[in-house]
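Structure first, then comments.
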Amino acid sequence: MSDAHWLTATEISAAYAARHLSPLELVRALLDRIAALDPRIHAFIKVDAEAALDAAGLAEREIIAGRARGPLHGVPVGIKDIIDVAGLPTTCHSKLLLDHVAAADAEVTARLRAAGAIILGKLALHEFAIGGPAFDLPFPPARNPWNTSHHPGGSSSGSGAALAAGLVPLALGTDTGGSVRNPAGACGVVGLKPTYGLVSRRGVFPLAFTLDHVGPMARSVGDVAVLLDILAGHDPADPGSVATASRPFGEDLGRGVRGLRIGFVRHFHETDLTADPEIAAALDEAARVFEAEGAHIRTVTLPSLREFSGVQRVIMLAESWAIHAGWLRERPGDYSASSRRKLMSGAFLSAGDYVSAQQRRSALIGAVDDVFRDVDALLCASAMDPACRIEDAEAVARTYPRQARNPFNLTGHPALAMMGGLSRAGLPLPVQLVGRSHDEVTLLRVAAAFERATAWHQRRAPI
Amino acid sequence: MPSDDAKPSPIDVLALARQAGLDKAATEFPEDVVAAAEAAAQAQRACAGGGQPTDEPWPPMRARTMS
């Protein structure tokens with residue numbers, strides 16, 4: 001099958017069932033593509049070809065024998081290198097953990113293996129999921145397949161880049177201040193930060209305990225739903241994990257948005273920050289598309305981005321300092337300059353700052369929940385700018401904080417970023433959708449309606 | 001109240017960094033230490049005010065399910 005590298009997981013599963021494609025054929029094709037393209041994209045830190053081929057052979061035998069294990073059986077997946085895969089290094093893209101080999105799978109990795117997915121390798125990130133694109137680390141930063149001189153977003157940069165380059169059909173990312181949604185939007189794929197506690201974080205190197213989420217990334221909304229079905233579930237080993245009713249997350253994907261109420265958070269990109277005109281136009285167009293599909297659009301007001309960001313940053317800096325203080329004291333030179341600057345900030349915050357921020361957080365969660373009494377989903381900006389050039393450190397520093405993703409790490413609401421257009425320069429323009437806590441079903445329904453109406457997901461990076 | 005542009009003195013920052021055990025970083029990367037302190041001060045200012053000191057902060061994070 002030609003172009004198998006662009007198939008979605010759903011299409012791969014159907015092709016296996018129809019015997020039009022086999023897991024070994026697909027894995028070999030992806031390994032060839034990685035060998036050809038990754039020297040320019042740098043999405044992978046580690047390609048585990050031997051184990052992937054072994055797993056593909058096993059999946060092939062099981063499928064032929066009629067022992068299919070479900071929709072991810074034999075489907076390759078890339079794992080952000082902050083998530084443990086037994087026997088492989090978890091470097092967090094850092095010199096500090098170059099020799100750290102995971103003894104056991106993270107809960108999400110174990111769930112993928114049990115579903116028959118094939119672990120293709122470990123994907124690049126910003127160091128410890130915080131730094132930014134850096135050139136003073138043991139591995140180069142991932143680049144945007146739409147234009148390799150541009151930033152792919154982060155911190156799950158390799159996950160977004162690998163999907164957009166057709167190197168993997170599925171990937172895992174993590175999201176503490178927007179790190180699944182930023183690369184999803186910048187690379188023109190789909191990334192979901194689920195409700196806090198829905199997906200276990202056990203075996204994931206923490207950045208900030210009360211803000212960290214693991215999230216599915218894919219090239220279609222349907223694939224994100226399928227991947228979330230496998231990842232979600234209570235894990236008693238994760239103290240933040242919650243038990244929820246079991247329900248297929250994609251069960252409403254085909255229902256459309258007729259009659260749904262979508263709140264448009266205009267002040268995020270119009271007054272709190274001023275978005276690039278192309279980003280603003282993409283958001284207006286998204287609102288128009290939803291209205292044309294039968295949704296009721298109304299402008300809603302949340303607390304300001306300044307308030308959300310201030311509280312989120314105090315919590316993130318305090319919690320990450322607690323994790324990194326020992327290394328920052330003993331080995332500060334082993335961090336990239338950008339990580340070192342960010343992670344040391346927590347040393348200058350007090351315990352009182354942290355507790356005050358947690359108090360403020362509760363009120364902010366309540367404010368967002370109040371808005372959800374009148375709407376079924378929110379539409380808002382993700383990034384305020386298209387991806388900048390990766391080697392322009394000043395542009396990276398200026399644009400990186402211009403975002404509206406971190407409010408929902410703070411509140412825990414599920415939030416998804418996807419492509420809402422293409423800039424004149426040929427770079428994806430992101431939009432963000434947000435749902436009620438534990439209502440990923442409706443959030444994915446809204447995203448799927450947008451995907452069908454616009455078909456941006458069918459556009460391919462010109463790589 | 002300090003203005004948004006108020007920056008901590010580098011001498012004070014480096015002394016605070018040493019109190020926090022960051023002697024090595026203060027010696028080898030003093031600009032990074034000062035930048036980190038400025039970022040912390042910005043976050044403090046953006047987070048200041050608005051809450052009640054007796055508000056319950058526990059649990060630190062639990063997404064609510066709406067009825």
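Following the order of the structure tokens, chains are lettered A, B, ..., residues in each are numbered from 1, and ligands are numbered from 1.
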- Message: I need the chain A residues near chain B as a PyMOL selection string; criterion: at most 6 Å, counting only C-alpha atoms.
- Response: chain A and resi 196+210+310-311+314+329+332+341-342+344-345+348+358-360+412+437
- Message: According to DSSP computed on the backbone, where in chain B is there alpha helix (DSSP H)? Give the residues as a ChimeraX atom specification.
- Response: /B:10-19,23-28,30-47
For the residues in that selection, give me C-alpha atoms as a PDB file, in the first residue's frame.
ATOM      1  CA  PRO B  10      21.201  41.614  41.491  1.00  0.00           C
ATOM      2  CA  ILE B  11      23.218  41.751  44.723  1.00  0.00           C
ATOM      3  CA  ASP B  12      20.167  40.836  46.783  1.00  0.00           C
ATOM      4  CA  VAL B  13      19.222  38.124  44.285  1.00  0.00           C
ATOM      5  CA  LEU B  14      22.622  36.466  44.415  1.00  0.00           C
ATOM      6  CA  ALA B  15      22.526  36.542  48.222  1.00  0.00           C
ATOM      7  CA  LEU B  16      19.086  34.944  48.195  1.00  0.00           C
ATOM      8  CA  ALA B  17      20.296  32.358  45.690  1.00  0.00           C
ATOM      9  CA  ARG B  18      23.136  31.394  48.007  1.00  0.00           C
ATOM     10  CA  GLN B  19      20.682  31.049  50.875  1.00  0.00           C
ATOM     11  CA  ASP B  23      26.076  28.939  45.255  1.00  0.00           C
ATOM     12  CA  LYS B  24      27.383  27.151  42.201  1.00  0.00           C
ATOM     13  CA  ALA B  25      24.777  28.663  39.898  1.00  0.00           C
ATOM     14  CA  ALA B  26      25.341  32.115  41.429  1.00  0.00           C
ATOM     15  CA  THR B  27      29.038  31.835  40.644  1.00  0.00           C
ATOM     16  CA  GLU B  28      28.875  30.210  37.226  1.00  0.00           C
ATOM     17  CA  PRO B  30      24.839  34.876  37.659  1.00  0.00           C
ATOM     18  CA  GLU B  31      22.799  36.284  34.722  1.00  0.00           C
ATOM     19  CA  ASP B  32      20.586  33.204  34.743  1.00  0.00           C
ATOM     20  CA  VAL B  33      20.050  33.515  38.499  1.00  0.00           C
ATOM     21  CA  VAL B  34      19.030  37.167  38.151  1.00  0.00           C
ATOM     22  CA  ALA B  35      16.723  36.320  35.220  1.00  0.00           C
ATOM     23  CA  ALA B  36      15.118  33.544  37.297  1.00  0.00           C
ATOM     24  CA  ALA B  37      14.497  35.925  40.189  1.00  0.00           C
ATOM     25  CA  GLU B  38      12.943  38.484  37.847  1.00  0.00           C
ATOM     26  CA  ALA B  39      10.633  35.836  36.401  1.00  0.00           C
ATOM     27  CA  ALA B  40       9.608  34.831  39.922  1.00  0.00           C
ATOM     28  CA  ALA B  41       8.896  38.452  40.842  1.00  0.00           C
ATOM     29  CA  GLN B  42       6.744  38.887  37.721  1.00  0.00           C
ATOM     30  CA  ALA B  43       4.759  35.766  38.565  1.00  0.00           C
ATOM     31  CA  GLN B  44       4.299  36.952  42.169  1.00  0.00           C
ATOM     32  CA  ARG B  45       2.965  40.305  40.973  1.00  0.00           C
ATOM     33  CA  ALA B  46       0.579  38.728  38.471  1.00  0.00           C
ATOM     34  CA  CYS B  47      -0.721  36.418  41.193  1.00  0.00           C
TER      35      CYS B  47
END
- Task: Give the answer as one residue: which of A:Ser338, A:Leu24, A:Ile130, A:Arg33 has the shortest atom-to-atom distance to Asp3 of chain A, using only C-alpha atoms?
- Result: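 The closest residue to Asp3 of chain A is A:Arg33.
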I'd like the contact shell of Thr442 of chain A - 8 Å cut-off, only C-alpha atoms, skipping same-chain residues fewer than 3 positions apart - returned as an mmCIF file with N, CA and C atoms, in the first residue's frame.
data_model
loop_
_atom_site.group_PDB
_atom_site.id
_atom_site.type_symbol
_atom_site.label_atom_id
_atom_site.label_comp_id
_atom_site.auth_asym_id
_atom_site.auth_seq_id
_atom_site.Cartn_x
_atom_site.Cartn_y
_atom_site.Cartn_z
ATOM 1 N N ASP A 252 -19.962 10.125 20.211
ATOM 2 C CA ASP A 252 -20.780 11.199 19.632
ATOM 3 C C ASP A 252 -20.080 11.929 18.481
ATOM 4 N N ASP A 376 -21.857 24.599 26.175
ATOM 5 C CA ASP A 376 -21.436 23.192 26.137
ATOM 6 C C ASP A 376 -19.947 23.046 25.843
ATOM 7 N N ALA A 377 -19.366 24.068 25.238
ATOM 8 C CA ALA A 377 -17.927 24.043 24.923
ATOM 9 C C ALA A 377 -17.467 25.480 24.742
ATOM 10 N N GLY A 435 -13.742 21.795 26.999
ATOM 11 C CA GLY A 435 -14.987 21.156 27.426
ATOM 12 C C GLY A 435 -15.187 21.224 28.925
ATOM 13 N N ASP A 439 -16.093 15.769 30.414
ATOM 14 C CA ASP A 439 -16.995 15.666 29.264
ATOM 15 C C ASP A 439 -16.195 15.720 27.964
ATOM 16 N N ARG A 445 -16.795 15.650 20.117
ATOM 17 C CA ARG A 445 -17.901 15.816 19.160
ATOM 18 C C ARG A 445 -17.786 17.159 18.435
ATOM 19 N N VAL A 446 -17.512 18.202 19.198
ATOM 20 C CA VAL A 446 -17.386 19.547 18.625
ATOM 21 C C VAL A 446 -16.167 19.589 17.686
#
- atom CA of Pro39 of chain A sits from atom CA of Leu120 of chain A at a separation of 16.4 Å
